[in-house]
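Trainee: Sharing run_23.pdb, PDB, C-alpha atoms:
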MODEL        1
ATOM      1  CA  MET A   1      20.742  -9.744  -7.004
ATOM      2  CA  SER A   2      18.611  -7.290  -9.019
ATOM      3  CA  VAL A   3      16.327  -4.811  -7.257
ATOM      4  CA  VAL A   4      13.274  -2.904  -8.497
ATOM      5  CA  GLN A   5      11.882   0.102  -6.620
ATOM      6  CA  SER A   6       8.100   0.292  -6.618
ATOM      7  CA  SER A   7       5.235   1.500  -4.447
ATOM      8  CA  CYS A   8       2.309  -0.035  -2.621
ATOM      9  CA  ALA A   9      -1.040   0.929  -4.154
ATOM     10  CA  TYR A  10      -3.356  -0.280  -1.371
ATOM     11  CA  CYS A  11      -3.991   3.174   0.127
ATOM     12  CA  GLY A  12      -3.080   6.801  -0.416
ATOM     13  CA  VAL A  13       0.081   6.883   1.701
ATOM     14  CA  GLY A  14       2.190   5.685  -1.236
ATOM     15  CA  CYS A  15       4.745   3.614   0.676
ATOM     16  CA  GLY A  16       7.902   2.756  -1.227
ATOM     17  CA  VAL A  17       8.892  -0.905  -1.584
ATOM     18  CA  SER A  18      12.017  -2.656  -2.832
ATOM     19  CA  VAL A  19      11.520  -5.943  -4.690
ATOM     20  CA  SER A  20      14.572  -8.129  -5.262
ATOM     21  CA  SER A  21      15.256 -11.401  -7.040
ATOM     22  CA  ASN A  22      18.251 -13.710  -7.383
ATOM     23  CA  LYS A  23      17.243 -14.500 -10.959
ATOM     24  CA  PRO A  24      18.763 -12.234 -13.633
ATOM     25  CA  ASN A  25      15.768 -12.531 -15.973
ATOM     26  CA  TRP A  26      12.604 -11.086 -14.426
ATOM     27  CA  THR A  27      10.395 -12.791 -17.003
ATOM     28  CA  ASP A  28      11.208 -16.138 -15.384
ATOM     29  CA  VAL A  29      10.435 -14.963 -11.869
ATOM     30  CA  ASP A  30       7.424 -16.019  -9.807
ATOM     31  CA  ALA A  31       6.369 -14.924  -6.335
ATOM     32  CA  ALA A  32       8.491 -17.572  -4.602
ATOM     33  CA  ASP A  33      11.646 -16.057  -6.119
ATOM     34  CA  LEU A  34      10.979 -12.539  -4.846
ATOM     35  CA  ILE A  35      11.808 -10.692  -1.649
ATOM     36  CA  LEU A  36       9.854  -7.542  -0.756
ATOM     37  CA  VAL A  37      10.824  -4.996   1.918
ATOM     38  CA  GLY A  38      10.024  -1.397   2.649
ATOM     39  CA  ASP A  39      12.198   1.199   0.925
ATOM     40  CA  ASN A  40      14.343   2.791   3.648
ATOM     41  CA  LYS A  41      14.903   5.944   1.587
ATOM     42  CA  HIS A  42      11.298   6.567   0.560
ATOM     43  CA  PRO A  43       9.909   9.763   2.173
ATOM     44  CA  ALA A  44       6.417   8.323   2.702
ATOM     45  CA  ASN A  45       7.374   5.359   4.891
ATOM     46  CA  TYR A  46      11.171   5.230   5.414
ATOM     47  CA  GLY A  47      11.113   1.444   5.206
ATOM     48  CA  HIS A  48       8.002   0.823   7.298
ATOM     49  CA  LEU A  49       5.127  -1.236   5.905
ATOM     50  CA  CYS A  50       1.738  -2.218   7.311
ATOM     51  CA  ALA A  51       0.283  -5.730   7.109
ATOM     52  CA  LYS A  52      -1.144  -5.058   3.642
ATOM     53  CA  GLY A  53       2.150  -3.808   2.258
ATOM     54  CA  GLU A  54       4.109  -6.674   3.779
ATOM     55  CA  ARG A  55       1.882  -9.169   1.966
ATOM     56  CA  LEU A  56       1.958  -7.599  -1.490
ATOM     57  CA  LEU A  57       3.680 -10.651  -2.968
ATOM     58  CA  ASP A  58       0.716 -12.806  -1.907
ATOM     59  CA  SER A  59      -1.416 -10.935  -4.430
ATOM     60  CA  LEU A  60       0.704 -12.290  -7.314
ATOM     61  CA  ALA A  61      -0.600 -15.832  -6.855
ATOM     62  CA  GLN A  62      -4.223 -15.619  -8.027
ATOM     63  CA  PRO A  63      -5.276 -18.947  -9.547
ATOM     64  CA  ASN A  64      -8.872 -17.794 -10.097
ATOM     65  CA  VAL A  65      -8.091 -14.475 -11.751
ATOM     66  CA  LEU A  66      -9.799 -13.833 -15.104
ATOM     67  CA  ARG A  67      -6.928 -13.835 -17.604
ATOM     68  CA  TYR A  68      -8.981 -13.902 -20.809
ATOM     69  CA  PRO A  69     -12.292 -12.295 -21.845
ATOM     70  CA  LYS A  70     -15.552 -14.169 -21.399
ATOM     71  CA  LEU A  71     -19.013 -13.568 -22.729
ATOM     72  CA  ARG A  72     -21.804 -13.152 -20.203
ATOM     73  CA  SER A  73     -22.785 -16.741 -20.959
ATOM     74  CA  GLY A  74     -19.388 -17.835 -19.660
ATOM     75  CA  MET A  75     -17.963 -18.747 -23.049
ATOM     76  CA  PRO A  76     -14.278 -17.698 -23.335
ATOM     77  CA  LEU A  77     -13.269 -15.346 -26.117
ATOM     78  CA  ASP A  78      -9.863 -14.541 -27.576
ATOM     79  CA  TRP A  79      -8.607 -10.955 -27.309
ATOM     80  CA  ASP A  80      -9.063 -10.037 -30.990
ATOM     81  CA  LYS A  81     -12.689 -11.155 -31.048
ATOM     82  CA  ALA A  82     -13.381  -9.461 -27.721
ATOM     83  CA  SER A  83     -11.886  -6.156 -28.925
ATOM     84  CA  THR A  84     -13.915  -6.334 -32.132
ATOM     85  CA  LEU A  85     -17.118  -7.057 -30.216
ATOM     86  CA  ILE A  86     -16.564  -4.092 -27.900
ATOM     87  CA  ALA A  87     -15.697  -1.749 -30.771
ATOM     88  CA  ASP A  88     -18.684  -2.853 -32.860
ATOM     89  CA  THR A  89     -21.059  -2.463 -29.905
ATOM     90  CA  PHE A  90     -19.754   1.048 -29.157
ATOM     91  CA  ALA A  91     -20.050   2.031 -32.841
ATOM     92  CA  LYS A  92     -23.576   0.628 -33.201
ATOM     93  CA  THR A  93     -24.814   2.267 -30.002
ATOM     94  CA  ILE A  94     -23.354   5.661 -30.918
ATOM     95  CA  ALA A  95     -24.769   5.443 -34.453
ATOM     96  CA  GLU A  96     -28.262   4.732 -33.091
ATOM     97  CA  HIS A  97     -28.360   6.908 -29.985
ATOM     98  CA  GLY A  98     -25.510   9.423 -30.203
ATOM     99  CA  PRO A  99     -22.170   9.669 -28.359
ATOM    100  CA  ASP A 100     -23.718  10.423 -24.975
ATOM    101  CA  SER A 101     -25.360   6.987 -24.958
ATOM    102  CA  VAL A 102     -22.007   5.454 -23.939
ATOM    103  CA  ALA A 103     -19.790   6.000 -20.916
ATOM    104  CA  LEU A 104     -16.523   4.884 -19.356
ATOM    105  CA  TYR A 105     -16.276   4.182 -15.640
ATOM    106  CA  LEU A 106     -12.681   3.727 -14.484
ATOM    107  CA  SER A 107     -10.903   2.401 -11.424
ATOM    108  CA  GLY A 108      -9.359   4.698  -8.847
ATOM    109  CA  GLN A 109      -6.124   2.668  -8.981
ATOM    110  CA  LEU A 110      -5.023   3.584 -12.515
ATOM    111  CA  LEU A 111      -1.882   5.548 -13.278
ATOM    112  CA  THR A 112      -1.973   9.136 -14.542
ATOM    113  CA  GLU A 113      -1.081   8.013 -18.052
ATOM    114  CA  ASP A 114      -3.943   5.494 -18.059
ATOM    115  CA  TYR A 115      -6.457   8.204 -17.119
ATOM    116  CA  TYR A 116      -5.056  10.448 -19.857
ATOM    117  CA  VAL A 117      -5.513   7.807 -22.573
ATOM    118  CA  ALA A 118      -9.002   6.917 -21.334
ATOM    119  CA  ASN A 119     -10.066  10.570 -21.387
ATOM    120  CA  LYS A 120      -8.599  11.065 -24.864
ATOM    121  CA  PHE A 121     -10.509   8.001 -26.048
ATOM    122  CA  ALA A 122     -13.806   9.144 -24.524
ATOM    123  CA  LYS A 123     -13.705  12.876 -25.203
ATOM    124  CA  GLY A 124     -11.517  13.046 -28.282
ATOM    125  CA  PHE A 125     -12.600   9.926 -30.133
ATOM    126  CA  LEU A 126     -16.034   8.879 -28.874
ATOM    127  CA  LYS A 127     -16.992  12.569 -28.446
ATOM    128  CA  THR A 128     -18.582  12.076 -25.031
ATOM    129  CA  ALA A 129     -17.776  13.647 -21.678
ATOM    130  CA  ASN A 130     -19.255  10.597 -19.924
ATOM    131  CA  VAL A 131     -16.025   9.421 -18.320
ATOM    132  CA  ASP A 132     -15.609   9.140 -14.571
ATOM    133  CA  THR A 133     -13.833   7.147 -11.868
ATOM    134  CA  ASN A 134     -14.676   5.925  -8.404
ATOM    135  CA  SER A 135     -12.114   8.499  -7.192
ATOM    136  CA  ARG A 136     -14.911  11.067  -7.403
ATOM    137  CA  LEU A 137     -16.633   9.509  -4.398
ATOM    138  CA  CYS A 138     -13.389   9.739  -2.425
ATOM    139  CA  MET A 139     -11.940  13.099  -3.333
ATOM    140  CA  SER A 140     -14.199  15.313  -5.451
ATOM    141  CA  SER A 141     -15.475  17.401  -2.529
ATOM    142  CA  ALA A 142     -11.931  18.039  -1.297
ATOM    143  CA  VAL A 143     -10.816  18.926  -4.822
ATOM    144  CA  SER A 144     -13.711  21.377  -5.183
ATOM    145  CA  ALA A 145     -12.925  22.969  -1.821
ATOM    146  CA  MET A 146      -9.258  23.474  -2.667
ATOM    147  CA  GLN A 147     -10.128  24.899  -6.070
ATOM    148  CA  ARG A 148     -12.479  27.309  -4.323
ATOM    149  CA  ALA A 149      -9.928  28.256  -1.660
ATOM    150  CA  PHE A 150      -6.658  28.235  -3.607
ATOM    151  CA  GLY A 151      -7.699  28.473  -7.247
ATOM    152  CA  GLU A 152      -6.462  24.961  -8.018
ATOM    153  CA  ASP A 153      -6.438  21.449  -6.609
ATOM    154  CA  VAL A 154      -3.329  21.704  -4.439
ATOM    155  CA  VAL A 155      -2.531  20.497  -0.921
ATOM    156  CA  PRO A 156      -0.223  22.995   0.809
ATOM    157  CA  GLY A 157       1.462  20.469   3.086
ATOM    158  CA  CYS A 158       3.472  17.262   3.210
ATOM    159  CA  TYR A 159       4.107  14.273   5.472
ATOM    160  CA  ASP A 160       7.171  15.924   7.042
ATOM    161  CA  ASP A 161       4.851  18.496   8.625
ATOM    162  CA  LEU A 162       3.607  15.757  10.953
ATOM    163  CA  GLU A 163       6.927  15.665  12.802
ATOM    164  CA  GLN A 164       6.930  19.450  13.215
ATOM    165  CA  ALA A 165       3.342  20.096  14.269
ATOM    166  CA  ASP A 166       2.272  21.089  17.773
ATOM    167  CA  VAL A 167      -1.337  20.024  17.183
ATOM    168  CA  ILE A 168      -2.558  17.413  14.680
ATOM    169  CA  VAL A 169      -6.296  17.433  13.920
ATOM    170  CA  LEU A 170      -7.798  14.423  12.122
ATOM    171  CA  VAL A 171     -11.340  14.943  10.831
ATOM    172  CA  GLY A 172     -13.529  12.046   9.690
ATOM    173  CA  ALA A 173     -10.516   9.758   9.437
ATOM    174  CA  ASN A 174      -9.805   6.410  11.087
ATOM    175  CA  THR A 175      -6.131   6.692  10.172
ATOM    176  CA  ALA A 176      -5.064   3.813  12.410
ATOM    177  CA  TRP A 177      -6.924   1.416  10.107
ATOM    178  CA  THR A 178      -6.896   3.154   6.742
ATOM    179  CA  HIS A 179      -3.361   4.614   6.667
ATOM    180  CA  PRO A 180      -1.456   2.616   9.312
ATOM    181  CA  VAL A 181       2.080   3.694   8.373
ATOM    182  CA  LEU A 182       1.092   7.352   8.456
ATOM    183  CA  PHE A 183      -0.606   6.858  11.813
ATOM    184  CA  GLN A 184       2.579   5.355  13.236
ATOM    185  CA  ARG A 185       4.353   8.559  12.222
ATOM    186  CA  ILE A 186       1.679  10.569  14.018
ATOM    187  CA  LEU A 187       2.057   8.507  17.206
ATOM    188  CA  ALA A 188       5.843   8.855  17.002
ATOM    189  CA  ALA A 189       5.449  12.627  16.673
ATOM    190  CA  LYS A 190       3.167  12.656  19.714
ATOM    191  CA  LYS A 191       5.804  10.846  21.743
ATOM    192  CA  ALA A 192       8.854  12.716  20.486
ATOM    193  CA  ASN A 193       7.445  16.254  20.340
ATOM    194  CA  ASN A 194       4.520  16.051  22.754
ATOM    195  CA  ALA A 195       2.229  16.922  19.855
ATOM    196  CA  GLN A 196      -1.453  16.984  20.743
ATOM    197  CA  LEU A 197      -3.715  14.728  18.680
ATOM    198  CA  VAL A 198      -7.330  15.805  18.169
ATOM    199  CA  VAL A 199      -9.715  13.373  16.477
ATOM    200  CA  ILE A 200     -13.091  14.630  15.248
ATOM    201  CA  ASP A 201     -15.363  11.665  14.572
ATOM    202  CA  PRO A 202     -18.831  10.630  15.768
ATOM    203  CA  LEU A 203     -17.453   7.107  16.352
ATOM    204  CA  SER A 204     -14.964   5.973  18.977
ATOM    205  CA  THR A 205     -12.546   4.470  16.454
ATOM    206  CA  ALA A 206      -9.105   2.954  16.995
ATOM    207  CA  THR A 207      -7.747   6.368  16.012
ATOM    208  CA  ALA A 208      -9.996   8.241  18.442
ATOM    209  CA  LYS A 209      -8.825   6.023  21.314
ATOM    210  CA  GLN A 210      -5.263   7.301  20.800
ATOM    211  CA  ALA A 211      -6.313  10.962  20.821
ATOM    212  CA  ASP A 212      -5.581  13.546  23.490
ATOM    213  CA  LEU A 213      -8.982  15.033  22.639
ATOM    214  CA  HIS A 214     -11.799  13.179  20.901
ATOM    215  CA  LEU A 215     -14.727  15.284  19.720
ATOM    216  CA  ALA A 216     -17.589  12.871  19.064
ATOM    217  CA  ILE A 217     -19.596  15.423  17.110
ATOM    218  CA  LYS A 218     -22.991  14.869  15.543
ATOM    219  CA  PRO A 219     -22.724  13.430  12.032
ATOM    220  CA  GLY A 220     -22.432  16.311   9.564
ATOM    221  CA  ALA A 221     -21.517  18.919  12.201
ATOM    222  CA  ASP A 222     -17.978  19.450  10.836
ATOM    223  CA  LEU A 223     -19.016  22.553   8.899
ATOM    224  CA  THR A 224     -20.583  24.215  11.948
ATOM    225  CA  LEU A 225     -17.604  23.263  14.147
ATOM    226  CA  PHE A 226     -14.982  24.848  11.885
ATOM    227  CA  HIS A 227     -17.120  27.828  10.910
ATOM    228  CA  GLY A 228     -17.474  28.519  14.613
ATOM    229  CA  LEU A 229     -13.701  28.091  15.024
ATOM    230  CA  LEU A 230     -13.119  30.837  12.468
ATOM    231  CA  GLY A 231     -15.365  33.153  14.470
ATOM    232  CA  TYR A 232     -13.560  32.228  17.710
ATOM    233  CA  LEU A 233     -10.137  32.959  16.180
ATOM    234  CA  ALA A 234     -11.395  36.380  15.125
ATOM    235  CA  ASP A 235     -12.979  37.001  18.552
ATOM    236  CA  GLN A 236      -9.652  36.193  20.233
ATOM    237  CA  ASN A 237      -7.748  38.374  17.735
ATOM    238  CA  ARG A 238      -5.620  35.400  16.649
ATOM    239  CA  VAL A 239      -5.991  35.963  12.912
ATOM    240  CA  ASP A 240      -3.159  37.223  10.715
ATOM    241  CA  HIS A 241      -4.574  40.478   9.355
ATOM    242  CA  ALA A 242      -1.583  41.160   7.088
ATOM    243  CA  TYR A 243      -1.850  37.729   5.457
ATOM    244  CA  ILE A 244      -5.620  38.079   5.077
ATOM    245  CA  ALA A 245      -5.257  41.473   3.386
ATOM    246  CA  ALA A 246      -2.544  40.251   1.021
ATOM    247  CA  HIS A 247      -3.806  36.798   0.095
ATOM    248  CA  THR A 248      -7.561  36.416   0.649
ATOM    249  CA  GLU A 249     -10.863  37.799  -0.589
ATOM    250  CA  GLY A 250     -14.226  38.168   1.119
ATOM    251  CA  PHE A 251     -12.883  37.563   4.630
ATOM    252  CA  ASP A 252     -15.000  40.237   6.329
ATOM    253  CA  THR A 253     -18.251  38.742   5.047
ATOM    254  CA  VAL A 254     -17.326  35.183   6.026
ATOM    255  CA  VAL A 255     -15.994  36.070   9.462
ATOM    256  CA  LEU A 256     -19.121  38.049  10.387
ATOM    257  CA  GLN A 257     -21.228  34.954   9.705
ATOM    258  CA  ALA A 258     -18.782  32.835  11.719
ATOM    259  CA  GLN A 259     -18.874  35.215  14.680
ATOM    260  CA  GLN A 260     -22.628  34.803  14.895
ATOM    261  CA  LEU A 261     -21.894  31.175  15.820
ATOM    262  CA  SER A 262     -18.974  31.841  18.161
ATOM    263  CA  ALA A 263     -20.882  34.542  20.050
ATOM    264  CA  ASN A 264     -22.644  31.822  22.063
ATOM    265  CA  LEU A 265     -20.320  28.875  22.654
ATOM    266  CA  ALA A 266     -22.889  27.008  24.753
ATOM    267  CA  ASP A 267     -25.404  27.077  21.911
ATOM    268  CA  LEU A 268     -22.679  26.213  19.400
ATOM    269  CA  ALA A 269     -21.581  23.223  21.480
ATOM    270  CA  THR A 270     -25.171  21.959  21.516
ATOM    271  CA  GLN A 271     -25.405  22.283  17.740
ATOM    272  CA  VAL A 272     -22.138  20.389  17.296
ATOM    273  CA  GLY A 273     -22.953  17.742  19.893
ATOM    274  CA  VAL A 274     -20.080  18.180  22.357
ATOM    275  CA  SER A 275     -19.684  19.802  25.753
ATOM    276  CA  VAL A 276     -18.723  23.471  26.087
ATOM    277  CA  THR A 277     -15.541  22.329  27.841
ATOM    278  CA  GLN A 278     -14.517  20.123  24.931
ATOM    279  CA  LEU A 279     -15.401  22.778  22.350
ATOM    280  CA  THR A 280     -13.423  25.445  24.202
ATOM    281  CA  GLN A 281     -10.464  23.107  24.686
ATOM    282  CA  PHE A 282     -10.290  22.430  20.958
ATOM    283  CA  TYR A 283     -10.676  26.074  19.987
ATOM    284  CA  GLN A 284      -7.965  27.112  22.466
ATOM    285  CA  LEU A 285      -5.576  24.453  21.148
ATOM    286  CA  VAL A 286      -5.900  25.928  17.669
ATOM    287  CA  ALA A 287      -5.766  29.539  18.847
ATOM    288  CA  ASN A 288      -2.788  29.142  21.198
ATOM    289  CA  ASN A 289      -0.432  27.040  19.056
ATOM    290  CA  LYS A 290       1.671  28.227  16.139
ATOM    291  CA  LYS A 291       1.773  24.910  14.288
ATOM    292  CA  VAL A 292      -1.632  23.291  13.808
ATOM    293  CA  LEU A 293      -2.071  20.666  11.104
ATOM    294  CA  THR A 294      -5.526  19.559   9.913
ATOM    295  CA  ALA A 295      -6.160  16.445   7.802
ATOM    296  CA  SER A 296      -9.553  15.183   6.685
ATOM    297  CA  CYS A 297     -10.682  12.008   4.956
ATOM    298  CA  GLN A 298     -13.774  10.083   3.874
ATOM    299  CA  GLY A 299     -15.952  11.066   6.828
ATOM    300  CA  VAL A 300     -15.880  14.591   5.414
ATOM    301  CA  ASN A 301     -15.406  13.870   1.709
ATOM    302  CA  GLN A 302     -18.355  11.502   1.330
ATOM    303  CA  SER A 303     -20.842  14.037   2.622
ATOM    304  CA  THR A 304     -23.428  16.200   0.917
ATOM    305  CA  ILE A 305     -21.681  19.213   2.506
ATOM    306  CA  GLY A 306     -18.150  17.872   2.051
ATOM    307  CA  THR A 307     -16.965  20.787  -0.078
ATOM    308  CA  ASP A 308     -18.252  23.412   2.364
ATOM    309  CA  ALA A 309     -16.868  21.543   5.388
ATOM    310  CA  THR A 310     -13.420  21.227   3.817
ATOM    311  CA  ASN A 311     -13.547  24.874   2.791
ATOM    312  CA  ALA A 312     -14.375  25.836   6.386
ATOM    313  CA  MET A 313     -11.244  24.025   7.609
ATOM    314  CA  ILE A 314      -9.079  25.724   4.997
ATOM    315  CA  ASN A 315     -10.579  29.124   5.898
ATOM    316  CA  CYS A 316      -9.291  28.738   9.455
ATOM    317  CA  HIS A 317      -5.755  28.128   8.211
ATOM    318  CA  LEU A 318      -6.015  31.013   5.743
ATOM    319  CA  ALA A 319      -7.118  33.299   8.577
ATOM    320  CA  LEU A 320      -4.103  32.200  10.638
ATOM    321  CA  GLY A 321      -1.706  32.580   7.721
ATOM    322  CA  HIS A 322      -0.875  28.890   8.109
ATOM    323  CA  ILE A 323      -0.356  28.111   4.428
ATOM    324  CA  GLY A 324       2.981  26.890   3.107
ATOM    325  CA  GLN A 325       4.506  26.991   6.582
ATOM    326  CA  ALA A 326       6.324  24.051   8.187
ATOM    327  CA  GLY A 327       4.262  21.964  10.603
ATOM    328  CA  CYS A 328       0.888  23.565   9.916
ATOM    329  CA  GLY A 329      -1.887  23.990   7.377
ATOM    330  CA  PHE A 330      -4.506  21.796   5.735
TER
ENDMDL
END
Would you mind giving the structure from this file in structure tokens?

Mentor:
Amino acid sequence: MSVVQSSCAYCGVGCGVSVSSNKPNWTDVDAADLILVGDNKHPANYGHLCAKGERLLDSLAQPNVLRYPKLRSGMPLDWDKASTLIADTFAKTIAEHGPDSVALYLSGQLLTEDYYVANKFAKGFLKTANVDTNSRLCMSSAVSAMQRAFGEDVVPGCYDDLEQADVIVLVGANTAWTHPVLFQRILAAKKANNAQLVVIDPLSTATAKQADLHLAIKPGADLTLFHGLLGYLADQNRVDHAYIAAHTEGFDTVVLQAQQLSANLADLATQVGVSVTQLTQFYQLVANNKKVLTASCQGVNQSTIGTDATNAMINCHLALGHIGQAGCGF
């Protein structure tokens, strides 16, 4: 039996899968000849798969898939003629209207090498910067926030931190539905380590119903909530002054603004849309625990203030010195 290691591409967890076949020649294999299981050694899922991952082989049988090019009229076209038509249309359009009259819009599911070639084609050959992907809607605000906070697009944490955290904070994320395998790891950590799960989401989602504390904030109040948290941490003298002095810039200016919010928790709670009790409980969880992990998703990213909100979360971890430490960070 021959085995190929691969990964599921349905969501961002990146679960490893093992695909095996009894046939020696993979070119003769169809879906009925394959067996798919989770990869027990893969660090993202350790063999676990959700319903989507378990049914990956079902996606191979697609009788209605478009296998050959078609004109808009529906007339089929062979590949050579289709490539020539596309090339001629690009060339004619650029000749008449300039290189910025054309654009490439790519999928978010391509591989790194695919994006590289597409960008080389657009920027190096067509001479246009009009190349984008639907990934921008998902992640551009988070990327911008991390570039602002760290100088580059880098996430200072990993999945293993989930099992070591004392408090796990999920912001704008219905992880139970969108990243089921990861959520099972979070629930296992809750049970094994008595980790506290905080879910910040205006909606009572499947994820929120599993939380120890659900903050049903007003839509868009994430920025105010975490900016106020920074002020609270400073008020309670929980910040790491040595880390701040060595690794951050502009802290004094930012924290003074934050303390204007935290000075009146009752007013802050009203702005955020939660009770003072809930707000204080959340702030104390962060202030009184050494290992606090924050993860945000589309509820924050797909917002007009997504970059600032993400930056506000990161600022709290920077103030605590919780960067590159096991079981904590953004």

Trainee: Using only C-alpha atoms, which of A:Ala9, A:Cys328, A:Leu230, A:Leu318 sits nearest Lys290 of chain A?

Mentor: A:Cys328

Trainee: Starting from the displayed file, determine the output of the PyMOL selection byres ((chain A and resi 253-257) around 9) and express the residue list as a list in words.

Mentor: His227, Gly228, Leu230, Gly231, Ala234, Gly250, Phe251, Asp252, Ala258, Gln259, Gln260 and Leu261 of chain A

Trainee: Those same residues, written as a CSV table (one decimal), in the frame of the given file with C-alpha atoms?

Mentor:
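Output below, filename part_9.csv:
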chain,number,residue,atom,x,y,z
A,227,HIS,CA,-17.1,27.8,10.9
A,228,GLY,CA,-17.5,28.5,14.6
A,230,LEU,CA,-13.1,30.8,12.5
A,231,GLY,CA,-15.4,33.2,14.5
A,234,ALA,CA,-11.4,36.4,15.1
A,250,GLY,CA,-14.2,38.2,1.1
A,251,PHE,CA,-12.9,37.6,4.6
A,252,ASP,CA,-15.0,40.2,6.3
A,258,ALA,CA,-18.8,32.8,11.7
A,259,GLN,CA,-18.9,35.2,14.7
A,260,GLN,CA,-22.6,34.8,14.9
A,261,LEU,CA,-21.9,31.2,15.8

Trainee: So which residues touch segment 282-287 of chain A within 7 Å, counting only C-alpha atoms, skipping near sequence neighbours fewer than 3 positions away, as a list of chain:residue names?

Mentor: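 So, after excluding close chain neighbours, the residues are A:Leu229, A:Leu233, A:Arg238, A:Gln278, A:Leu279, A:Val292.
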
Trainee: I'd like the residues picked by the PyMOL selection byres ((chain A and resi 3) around 7) written out as an MDAnalysis selection string, using the chain letters and numbers from the file.

Mentor: chainID A and resid 1:2 4:5 18:21

Trainee: Write out as a PyMOL selection string each polymer residue whose atoms come within 12 Å of segment 39-42 of chain A, counting all atoms listed in the file; drop sequence neighbours fewer than 4 positions from it.

Mentor: chain A and resi 3-8+13-20+46-49+53-54+159

Trainee: Once the PyMOL selection byres ((chain A and resi 217-219) around 6) has been evaluated on this model, what residues remain selected, and can you format them as a PDB file with C-alpha atoms, in the frame of the given file?

Mentor:
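New file expr_1.pdb:
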ATOM      1  CA  PRO A 202     -18.831  10.630  15.768  1.00  0.00           C
ATOM      2  CA  LEU A 215     -14.727  15.284  19.720  1.00  0.00           C
ATOM      3  CA  ALA A 216     -17.589  12.871  19.064  1.00  0.00           C
ATOM      4  CA  GLY A 220     -22.432  16.311   9.564  1.00  0.00           C
ATOM      5  CA  ALA A 221     -21.517  18.919  12.201  1.00  0.00           C
ATOM      6  CA  VAL A 272     -22.138  20.389  17.296  1.00  0.00           C
ATOM      7  CA  GLY A 273     -22.953  17.742  19.893  1.00  0.00           C
ATOM      8  CA  VAL A 274     -20.080  18.180  22.357  1.00  0.00           C
TER       9      VAL A 274
END

Trainee: For Lys190 of chain A, which residue among A:Ala211, A:Leu203, A:Met313, A:Ala82 is the nearest when counting all atoms listed in the file?

Mentor: A:Ala211

Trainee: Would you kindly return, as a PyMOL selection string, each protein, DNA or RNA residue with an atom no farther than 9 Å from any atom of Thr280 of chain A, considering all atoms listed in the file and excluding same-chain residues fewer than 5 positions away?

Mentor: chain A and resi 265+269+275+285

Trainee: Write to file, as a short mmCIF file (atom, residue, chain, number, x, y, z; two decimals), in the frame of the given file, the residues of the selection just made, with C-alpha atoms.

Mentor:
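The new file out.cif reads:
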data_model
loop_
_atom_site.label_atom_id
_atom_site.label_comp_id
_atom_site.auth_asym_id
_atom_site.auth_seq_id
_atom_site.Cartn_x
_atom_site.Cartn_y
_atom_site.Cartn_z
CA LEU A 265 -20.32 28.88 22.65
CA ALA A 269 -21.58 23.22 21.48
CA SER A 275 -19.68 19.80 25.75
CA LEU A 285 -5.58 24.45 21.15
#

Trainee: For a quick check of your reading of the model, name the residues lying within 9 Å of the coordinate (6.3, 15.2, 20.1), counting only C-alpha atoms, and write them as a PDB file with C-alpha atoms, keeping the file's coordinate frame.

Mentor:
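As written to disk, result_16.pdb reads:
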ATOM      1  CA  GLU A 163       6.927  15.665  12.802  1.00  0.00           C
ATOM      2  CA  GLN A 164       6.930  19.450  13.215  1.00  0.00           C
ATOM      3  CA  ALA A 165       3.342  20.096  14.269  1.00  0.00           C
ATOM      4  CA  ASP A 166       2.272  21.089  17.773  1.00  0.00           C
ATOM      5  CA  ILE A 186       1.679  10.569  14.018  1.00  0.00           C
ATOM      6  CA  LEU A 187       2.057   8.507  17.206  1.00  0.00           C
ATOM      7  CA  ALA A 188       5.843   8.855  17.002  1.00  0.00           C
ATOM      8  CA  ALA A 189       5.449  12.627  16.673  1.00  0.00           C
ATOM      9  CA  LYS A 190       3.167  12.656  19.714  1.00  0.00           C
ATOM     10  CA  LYS A 191       5.804  10.846  21.743  1.00  0.00           C
ATOM     11  CA  ALA A 192       8.854  12.716  20.486  1.00  0.00           C
ATOM     12  CA  ASN A 193       7.445  16.254  20.340  1.00  0.00           C
ATOM     13  CA  ASN A 194       4.520  16.051  22.754  1.00  0.00           C
ATOM     14  CA  ALA A 195       2.229  16.922  19.855  1.00  0.00           C
ATOM     15  CA  GLN A 196      -1.453  16.984  20.743  1.00  0.00           C
TER      16      GLN A 196
END

Trainee: Which is closer to Cys316 of chain A than all the others in A:Asn301, A:Thr93, A:Gln281, A:Thr248, using all atoms listed in the file?

Mentor: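 Nearest candidate to Cys316 of chain A out of A:Asn301, A:Thr93, A:Gln281, A:Thr248: A:Thr248.
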
Trainee: Any idea what the distance is between atom CA of Thr207 of chain A and atom CA of Pro156 of chain A?

Mentor: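 Answer for the atom CA of Thr207 of chain A to atom CA of Pro156 of chain A separation: 23.8 Å.
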
Trainee: Output as JSON lines one row per residue of segment 37-151 of chain A within 7 Å of segment 306-309 of chain A: the closest atom pair and its distance in Å to one decimal place, counting only C-alpha atoms, sorted by chain and residue number ascending.

Mentor:
{"residue": "A:Ser141", "atom": "CA", "partner": "A:Thr307", "partner_atom": "CA", "distance": 4.4}
{"residue": "A:Ala142", "atom": "CA", "partner": "A:Thr307", "partner_atom": "CA", "distance": 5.9}
{"residue": "A:Ser144", "atom": "CA", "partner": "A:Thr307", "partner_atom": "CA", "distance": 6.1}
{"residue": "A:Ala145", "atom": "CA", "partner": "A:Thr307", "partner_atom": "CA", "distance": 4.9}

Trainee: Emit the selected residues as a CSV table (one decimal), keeping the file's coordinate frame, including C-alpha atoms.

Mentor:
chain,number,residue,atom,x,y,z
A,141,SER,CA,-15.5,17.4,-2.5
A,142,ALA,CA,-11.9,18.0,-1.3
A,144,SER,CA,-13.7,21.4,-5.2
A,145,ALA,CA,-12.9,23.0,-1.8

Trainee: If we count all atoms listed in the file and set the cut-off at 12 Å, which residues sit around Cys158 of chain A, ignoring sequence neighbours fewer than 2 positions away in its own chain? Please answer as a PyMOL selection string.

Mentor: chain A and resi 13+43-44+154-156+160-165+182+293-295+323-330
